[in-house]
$ cat coords-v4.cif   # mmCIF, C-alpha atoms
data_query
loop_
_atom_site.label_atom_id
_atom_site.label_comp_id
_atom_site.auth_asym_id
_atom_site.auth_seq_id
_atom_site.Cartn_x
_atom_site.Cartn_y
_atom_site.Cartn_z
CA MET A 1 0.00 0.00 0.00
CA LYS A 2 2.85 2.38 0.77
CA PRO A 3 4.28 2.30 -2.78
CA ALA A 4 0.81 3.02 -4.17
CA ALA A 5 0.38 5.87 -1.73
CA GLY A 6 3.77 7.22 -2.75
CA VAL A 7 2.85 7.10 -6.44
CA ALA A 8 -0.45 8.86 -5.72
CA ALA A 9 1.31 11.56 -3.73
CA MET A 10 3.85 12.06 -6.52
CA ALA A 11 1.08 12.27 -9.11
CA CYS A 12 -0.72 14.84 -6.99
CA THR A 13 2.49 16.88 -6.69
CA VAL A 14 3.05 16.78 -10.45
CA PHE A 15 -0.56 17.85 -11.07
CA VAL A 16 -0.28 20.78 -8.65
CA ALA A 17 3.05 21.85 -10.15
CA ALA A 18 1.57 21.72 -13.65
CA ALA A 19 -1.42 23.76 -12.55
CA ILE A 20 0.83 26.37 -10.93
CA THR A 21 3.00 26.54 -14.07
CA ALA A 22 -0.04 26.92 -16.32
CA GLY A 23 -1.40 29.62 -14.05
CA ALA A 24 1.91 31.45 -14.07
CA ARG A 25 2.08 31.29 -17.85
CA SER A 26 -1.46 32.60 -18.11
CA SER A 27 -0.61 35.42 -15.72
CA VAL A 28 2.53 36.35 -17.68
CA LYS A 29 0.60 36.45 -20.96
CA GLY A 30 -2.13 38.49 -19.33
CA ASP A 31 0.43 40.99 -18.07
CA ARG A 32 1.92 41.25 -21.56
CA LEU A 33 -1.47 41.81 -23.18
CA ILE A 34 -2.13 44.61 -20.71
CA ALA A 35 1.32 46.09 -21.43
CA ALA A 36 0.61 45.95 -25.18
CA ALA A 37 -2.70 47.78 -24.79
CA GLU A 38 -1.07 50.42 -22.58
CA GLN A 39 1.79 50.89 -25.05
CA SER A 40 -0.61 51.44 -27.94
CA GLU A 41 -2.56 53.94 -25.85
CA ARG A 42 0.60 55.85 -24.84
CA ALA A 43 1.65 56.09 -28.48
CA ALA A 44 -1.85 57.25 -29.43
CA ARG A 45 -1.76 60.02 -26.82
CA SER A 46 1.69 61.19 -27.98
CA PHE A 47 0.61 61.27 -31.61
CA GLU A 48 -2.66 63.04 -30.76
CA ALA A 49 -0.83 65.71 -28.77
CA VAL A 50 1.48 66.50 -31.68
CA MET A 51 -1.26 66.61 -34.30
CA GLN A 52 -3.49 68.75 -32.07
CA ALA A 53 -0.75 71.40 -32.08
CA HIS A 54 -1.84 72.34 -35.60
CA ALA A 55 0.72 75.13 -36.04
CA MET A 56 3.58 72.68 -35.52
CA ALA A 57 2.47 69.21 -36.57
CA ILE A 58 3.42 66.47 -39.01
CA PRO A 59 2.15 67.64 -42.43
CA PRO A 60 -0.99 65.63 -43.26
CA ASP A 61 0.15 65.27 -46.89
CA LEU A 62 3.28 63.44 -45.73
CA LEU A 63 1.28 61.26 -43.38
CA GLY A 64 -0.99 60.46 -46.31
CA ARG A 65 1.99 59.14 -48.29
CA ALA A 66 3.72 57.28 -45.49
CA LYS A 67 3.90 53.49 -45.57
CA ALA A 68 4.21 53.22 -41.79
CA VAL A 69 4.36 55.35 -38.65
CA VAL A 70 6.63 54.66 -35.68
CA VAL A 71 6.19 56.28 -32.27
CA PHE A 72 8.38 55.99 -29.19
CA PRO A 73 6.46 57.75 -26.40
CA ARG A 74 8.36 59.23 -23.45
CA THR A 75 11.77 57.91 -24.47
CA GLY A 76 14.27 58.54 -21.72
CA LYS A 77 11.85 59.22 -18.86
CA ARG A 78 11.65 55.57 -17.85
CA ALA A 79 14.49 54.17 -19.92
CA ASP A 80 16.12 52.49 -16.94
CA SER A 81 13.03 50.32 -16.48
CA GLY A 82 12.77 49.59 -20.19
CA ASP A 83 9.35 51.24 -20.58
CA GLY A 84 10.89 54.41 -21.99
CA SER A 85 12.47 52.53 -24.88
CA ARG A 86 9.29 50.84 -26.07
CA GLY A 87 7.47 51.90 -29.22
CA VAL A 88 4.96 50.84 -31.85
CA VAL A 89 4.88 50.57 -35.64
CA SER A 90 1.64 50.79 -37.59
CA ARG A 91 1.85 49.86 -41.26
CA ARG A 92 -0.54 51.09 -43.92
CA THR A 93 -2.88 48.41 -45.26
CA ASN A 94 -5.57 48.27 -47.92
CA THR A 95 -8.16 49.13 -45.28
CA GLY A 96 -6.33 51.72 -43.20
CA TRP A 97 -3.58 51.42 -40.58
CA GLY A 98 -2.63 48.01 -39.25
CA SER A 99 -2.62 47.13 -35.56
CA PRO A 100 0.66 48.03 -33.88
CA VAL A 101 3.80 45.94 -34.08
CA PHE A 102 5.78 46.37 -30.86
CA VAL A 103 9.44 47.42 -30.96
CA ARG A 104 12.19 48.86 -28.75
CA VAL A 105 14.91 51.39 -29.34
CA SER A 106 18.22 50.16 -27.96
CA ALA A 107 19.26 51.85 -24.73
CA GLY A 108 21.44 54.85 -25.42
CA SER A 109 21.10 54.67 -29.20
CA VAL A 110 19.06 57.89 -29.33
CA GLY A 111 21.45 60.69 -28.41
CA PRO A 112 18.95 63.06 -26.74
CA GLN A 113 17.59 60.15 -24.68
CA ARG A 114 20.53 60.44 -22.30
CA ARG A 115 19.79 64.04 -21.36
CA ALA A 116 16.07 64.57 -22.01
CA ALA A 117 13.68 64.23 -19.11
CA SER A 118 10.98 63.01 -21.49
CA THR A 119 11.06 62.98 -25.29
CA ASP A 120 8.66 61.47 -27.80
CA TYR A 121 10.08 60.31 -31.14
CA PHE A 122 8.14 59.90 -34.37
CA LEU A 123 9.25 58.30 -37.65
CA LEU A 124 7.45 58.32 -40.99
CA LEU A 125 8.57 55.41 -43.15
CA MET A 126 8.02 56.59 -46.71
CA THR A 127 8.91 53.40 -48.64
CA ASP A 128 7.99 49.74 -48.36
CA GLU A 129 11.69 48.92 -48.20
CA SER A 130 12.20 51.14 -45.16
CA VAL A 131 9.42 49.25 -43.36
CA GLU A 132 10.78 45.83 -44.20
CA GLU A 133 14.36 46.81 -43.29
CA LEU A 134 13.47 48.72 -40.10
CA LEU A 135 14.73 45.99 -37.77
CA ASN A 136 17.77 44.93 -39.78
CA ASP A 137 20.36 47.64 -39.13
CA ARG A 138 21.10 51.02 -37.68
CA ILE A 139 18.78 53.56 -39.28
CA GLY A 140 20.51 55.44 -42.07
CA SER A 141 23.83 53.61 -41.78
CA GLY A 142 25.64 53.57 -45.10
CA ASN A 143 23.09 55.91 -46.69
CA GLN A 144 23.07 59.52 -45.54
CA ALA A 145 19.95 60.28 -47.63
CA ALA A 146 17.98 57.41 -46.08
CA VAL A 147 16.82 59.40 -43.06
CA ALA A 148 16.31 63.12 -42.45
CA ALA A 149 14.64 65.54 -40.06
CA GLY A 150 11.06 65.92 -41.21
CA PRO A 151 9.35 69.17 -42.22
CA VAL A 152 6.77 70.68 -39.88
CA VAL A 153 3.45 72.39 -40.63
CA GLY A 154 3.79 76.17 -40.44
CA ARG A 155 7.58 76.15 -40.44
CA ASN A 156 9.19 74.28 -43.34
CA ALA A 157 6.18 72.43 -44.71
CA GLY A 158 6.90 73.78 -48.20
CA ALA A 159 9.72 71.25 -48.36
CA GLU A 160 7.50 68.28 -47.61
CA GLY A 161 7.03 67.12 -51.20
CA ASP A 162 10.75 67.27 -51.94
CA ALA A 163 11.63 65.65 -48.63
CA SER A 164 9.36 62.67 -49.10
CA SER A 165 10.60 62.08 -52.63
CA ARG A 166 14.24 61.97 -51.54
CA THR A 167 14.09 60.36 -48.12
CA ALA A 168 13.02 56.92 -46.94
CA ILE A 169 12.54 57.91 -43.27
CA LEU A 170 11.49 61.28 -41.85
CA SER A 171 12.02 61.78 -38.12
CA TYR A 172 10.69 64.12 -35.44
CA SER A 173 10.88 64.67 -31.70
CA SER A 174 8.62 66.36 -29.16
CA ARG A 175 9.69 67.56 -25.74
CA ARG A 176 7.83 69.86 -23.38
CA GLY A 177 5.58 71.10 -26.17
CA LEU A 178 8.45 71.76 -28.61
CA PHE A 179 8.04 69.75 -31.82
CA ALA A 180 10.62 69.65 -34.61
CA GLY A 181 12.32 67.48 -37.15
CA VAL A 182 15.31 65.71 -35.67
CA ASP A 183 18.19 63.66 -37.06
CA VAL A 184 18.11 60.13 -35.63
CA ARG A 185 20.64 58.46 -37.93
CA GLY A 186 22.29 55.54 -36.21
CA ILE A 187 19.54 54.51 -33.80
CA VAL A 188 18.87 50.80 -33.43
CA ILE A 189 15.30 49.51 -33.40
CA GLU A 190 14.73 45.97 -32.17
CA PRO A 191 11.69 43.68 -31.85
CA ASP A 192 9.69 43.66 -28.63
CA ASP A 193 8.51 40.13 -29.28
CA ASP A 194 7.32 39.40 -25.75
CA LEU A 195 4.41 41.65 -26.66
CA ASN A 196 4.10 40.64 -30.32
CA LEU A 197 3.92 36.94 -29.50
CA ALA A 198 1.40 37.58 -26.72
CA VAL A 199 -0.90 39.58 -29.01
CA TYR A 200 -0.40 38.00 -32.45
CA ASN A 201 1.63 34.82 -31.87
CA GLN A 202 3.98 36.24 -34.53
CA THR A 203 7.32 38.07 -34.40
CA ALA A 204 8.00 41.65 -35.43
CA HIS A 205 10.23 40.48 -38.30
CA ASP A 206 7.41 38.37 -39.68
CA LEU A 207 4.80 41.08 -39.19
CA LEU A 208 6.86 43.82 -40.85
CA GLY A 209 8.63 41.66 -43.41
CA GLY A 210 5.53 40.25 -45.05
CA ARG A 211 6.20 36.69 -43.93
CA ALA A 212 3.11 36.47 -41.75
CA ALA A 213 -0.58 37.19 -41.97
CA GLY A 214 0.23 40.54 -40.38
CA SER A 215 -1.45 42.71 -37.80
CA GLU A 216 -4.06 44.17 -40.13
CA ASN A 217 -6.78 42.33 -38.28
CA GLY A 218 -5.13 42.38 -34.87
CA SER A 219 -6.88 42.34 -31.55
CA ALA A 220 -9.23 45.25 -30.94
CA PHE A 221 -7.72 46.10 -27.54
CA VAL A 222 -4.49 47.40 -29.16
CA ARG A 223 -6.19 49.43 -31.89
CA SER A 224 -6.08 52.84 -30.17
CA PHE A 225 -2.86 53.91 -31.92
CA PRO A 226 -3.78 53.07 -35.54
CA GLU A 227 -7.27 54.49 -35.06
CA THR A 228 -5.74 57.77 -33.86
CA VAL A 229 -3.34 57.93 -36.82
CA ASP A 230 -6.22 57.23 -39.18
CA ARG A 231 -8.10 60.31 -38.00
CA TYR A 232 -5.26 62.55 -39.21
CA THR A 233 -4.50 60.76 -42.46
CA ILE A 234 -5.59 62.15 -45.81
CA ALA A 235 -5.08 60.97 -49.35
CA SER A 236 -1.95 62.19 -51.08
CA GLY A 237 -2.53 65.53 -52.79
CA ASP A 238 -6.05 65.99 -51.40
CA VAL A 239 -5.84 69.71 -50.64
CA THR A 240 -9.49 69.97 -49.62
CA ALA A 241 -9.08 67.16 -47.12
CA ARG A 242 -5.88 68.70 -45.81
CA THR A 243 -7.66 72.00 -45.16
CA ALA A 244 -10.50 70.18 -43.41
CA VAL A 245 -8.09 68.26 -41.18
CA LEU A 246 -6.22 71.39 -40.11
CA HIS A 247 -9.51 73.25 -39.50
CA THR A 248 -10.78 70.39 -37.34
CA VAL A 249 -7.56 70.28 -35.34
CA ALA A 250 -7.56 74.06 -34.90
CA ASN A 251 -11.03 73.90 -33.36
#
$ encode --input "coords-v4.cif" --output "structure tokens"
Amino acid sequence: MKPAAGVAAMACTVFVAAAITAGARSSVKGDRLIAAAEQSERAARSFEAVMQAHAMAIPPDLLGRAKAVVVFPRTGKRADSGDGSRGVVSRRTNTGWGSPVFVRVSAGSVGPQRRAASTDYFLLLMTDESVEELLNDRIGSGNQAAVAAGPVVGRNAGAEGDASSRTAILSYSSRRGLFAGVDVRGIVIEPDDDLNLAVYNQTAHDLLGGRAAGSENGSAFVRSFPETVDRYTIASGDVTARTAVLHTVAN
């Protein structure tokens, strides 16, 4: 009887351990899903704040031509914890903006990050190639024309058409209400696949490189960022729509 009792006790222990492990895994995934939703919302708020400042915003015409938008909200403020280096990428699809792919900027790779109390960074990816190669190398390395400080509404927006035709990536920063184009050549963007796998069960490389079904139909709880971008996007060259967007923002 003792051996049988021992086997039963061992089986019970294994069952309890398996249940605890499954519960822990479920808890970890739940935490990551919450983190993904919060990251999308932070990026949405950062983007909204910039576009609401209609006198100094990303030109809607450029946004209308962009293939993807990248936002790193509050880079530097919480960089030591890792939260400050997290960002999102939303890629244009046939039906609007795709659900966010989660990425990180390597610690210290953004120069102002080391001295700014809190800086938001924005990238417009103007070509399909720039989207697919985003995670493969330092931005702009080996090609000085690949990335440039982007033009701003009300300041140098007259250069927007020329800028987008010559440059694969246009970059901006916002700090304490000051928004401007900024040179971010040399930064390193990496996958944040803890979040991507939790939300999509796919990696950032697959999602951005066209090797997966993509995030076009991603979970609704992370849609706050692409839905915000969509509200400020107009068709390329649509002057009437551009005027309407700026009027809406101004009011």
$ resolve_selection --input "coords-v4.cif" --expression "the PyMOL selection byres ((chain A and resi 190-205) around 7)" --output "list in words"
Lys29, Arg32, Leu33, Ala36, Val101, Phe102, Val103, Arg104, Val105, Ser106, Leu135, Val188, Ile189, Asp206, Leu207, Leu208, Gly209 and Gly218 of chain A
$ write_last_selection --input "coords-v4.cif" --atoms "C-alpha atoms" --output "PDB file, in the frame of the given file"
ATOM      1  CA  LYS A  29       0.600  36.450 -20.960  1.00  0.00           C
ATOM      2  CA  ARG A  32       1.920  41.250 -21.560  1.00  0.00           C
ATOM      3  CA  LEU A  33      -1.470  41.810 -23.180  1.00  0.00           C
ATOM      4  CA  ALA A  36       0.610  45.950 -25.180  1.00  0.00           C
ATOM      5  CA  VAL A 101       3.800  45.940 -34.080  1.00  0.00           C
ATOM      6  CA  PHE A 102       5.780  46.370 -30.860  1.00  0.00           C
ATOM      7  CA  VAL A 103       9.440  47.420 -30.960  1.00  0.00           C
ATOM      8  CA  ARG A 104      12.190  48.860 -28.750  1.00  0.00           C
ATOM      9  CA  VAL A 105      14.910  51.390 -29.340  1.00  0.00           C
ATOM     10  CA  SER A 106      18.220  50.160 -27.960  1.00  0.00           C
ATOM     11  CA  LEU A 135      14.730  45.990 -37.770  1.00  0.00           C
ATOM     12  CA  VAL A 188      18.870  50.800 -33.430  1.00  0.00           C
ATOM     13  CA  ILE A 189      15.300  49.510 -33.400  1.00  0.00           C
ATOM     14  CA  ASP A 206       7.410  38.370 -39.680  1.00  0.00           C
ATOM     15  CA  LEU A 207       4.800  41.080 -39.190  1.00  0.00           C
ATOM     16  CA  LEU A 208       6.860  43.820 -40.850  1.00  0.00           C
ATOM     17  CA  GLY A 209       8.630  41.660 -43.410  1.00  0.00           C
ATOM     18  CA  GLY A 218      -5.130  42.380 -34.870  1.00  0.00           C
TER      19      GLY A 218
END
$ closest_residue --input "coords-v4.cif" --among "A:Val229, A:Val182, A:Ile139, A:Ile34" --to "Arg91 of chain A" --atoms "all atoms listed in the file"
A:Val229
$ atom_distance --input "coords-v4.cif" --atom1 "atom CA of Val153 of chain A" --atom2 "atom CA of Asn94 of chain A"
26.8 Å
$ residues_around --input "coords-v4.cif" --residues "Thr228 of chain A" --least-positions-apart "3" --cutoff "12 Å" --atoms "all atoms listed in the file" --output "PDB file with C-alpha atoms, in the frame of the given file"
ATOM      1  CA  SER A  40      -0.610  51.440 -27.940  1.00  0.00           C
ATOM      2  CA  GLU A  41      -2.560  53.940 -25.850  1.00  0.00           C
ATOM      3  CA  ARG A  42       0.600  55.850 -24.840  1.00  0.00           C
ATOM      4  CA  ALA A  43       1.650  56.090 -28.480  1.00  0.00           C
ATOM      5  CA  ALA A  44      -1.850  57.250 -29.430  1.00  0.00           C
ATOM      6  CA  ARG A  45      -1.760  60.020 -26.820  1.00  0.00           C
ATOM      7  CA  SER A  46       1.690  61.190 -27.980  1.00  0.00           C
ATOM      8  CA  PHE A  47       0.610  61.270 -31.610  1.00  0.00           C
ATOM      9  CA  GLU A  48      -2.660  63.040 -30.760  1.00  0.00           C
ATOM     10  CA  ALA A  49      -0.830  65.710 -28.770  1.00  0.00           C
ATOM     11  CA  VAL A  50       1.480  66.500 -31.680  1.00  0.00           C
ATOM     12  CA  MET A  51      -1.260  66.610 -34.300  1.00  0.00           C
ATOM     13  CA  GLN A  52      -3.490  68.750 -32.070  1.00  0.00           C
ATOM     14  CA  VAL A  69       4.360  55.350 -38.650  1.00  0.00           C
ATOM     15  CA  SER A  90       1.640  50.790 -37.590  1.00  0.00           C
ATOM     16  CA  GLY A  96      -6.330  51.720 -43.200  1.00  0.00           C
ATOM     17  CA  TRP A  97      -3.580  51.420 -40.580  1.00  0.00           C
ATOM     18  CA  GLY A  98      -2.630  48.010 -39.250  1.00  0.00           C
ATOM     19  CA  SER A  99      -2.620  47.130 -35.560  1.00  0.00           C
ATOM     20  CA  PRO A 100       0.660  48.030 -33.880  1.00  0.00           C
ATOM     21  CA  VAL A 222      -4.490  47.400 -29.160  1.00  0.00           C
ATOM     22  CA  ARG A 223      -6.190  49.430 -31.890  1.00  0.00           C
ATOM     23  CA  SER A 224      -6.080  52.840 -30.170  1.00  0.00           C
ATOM     24  CA  PHE A 225      -2.860  53.910 -31.920  1.00  0.00           C
ATOM     25  CA  ARG A 231      -8.100  60.310 -38.000  1.00  0.00           C
ATOM     26  CA  TYR A 232      -5.260  62.550 -39.210  1.00  0.00           C
ATOM     27  CA  THR A 233      -4.500  60.760 -42.460  1.00  0.00           C
TER      28      THR A 233
END
$ atom_distance --input "coords-v4.cif" --atom1 "atom CA of Leu123 of chain A" --atom2 "atom CA of Phe221 of chain A"
23.2 Å
$ atom_distance --input "coords-v4.cif" --atom1 "atom CA of Ala35 of chain A" --atom2 "atom CA of Arg86 of chain A"
10.4 Å
$ closest_residue --input "coords-v4.cif" --among "A:Met56, A:Leu124, A:Val28, A:Val131" --to "Gly150 of chain A" --atoms "only C-alpha atoms"
A:Leu124
$ closest_residue --input "coords-v4.cif" --among "A:Leu178, A:Val71, A:Ala66, A:Ala149" --to "Glu129 of chain A" --atoms "all atoms listed in the file"
A:Ala66
$ residues_around --input "coords-v4.cif" --residues "Met126 of chain A" --least-positions-apart "2" --cutoff "7 Å" --atoms "all atoms listed in the file" --output "CSV table (one decimal) with C-alpha atoms, in the frame of the given file"
chain,number,residue,atom,x,y,z
A,65,ARG,CA,2.0,59.1,-48.3
A,66,ALA,CA,3.7,57.3,-45.5
A,67,LYS,CA,3.9,53.5,-45.6
A,124,LEU,CA,7.4,58.3,-41.0
A,164,SER,CA,9.4,62.7,-49.1
A,168,ALA,CA,13.0,56.9,-46.9
A,169,ILE,CA,12.5,57.9,-43.3
$ residues_near_point --input "coords-v4.cif" --point "(8.1, 70.2, -32.0)" --cutoff "10 Å" --atoms "only C-alpha atoms" --output "PyMOL selection string"
chain A and resi 50+53+55-58+120+152+172-182
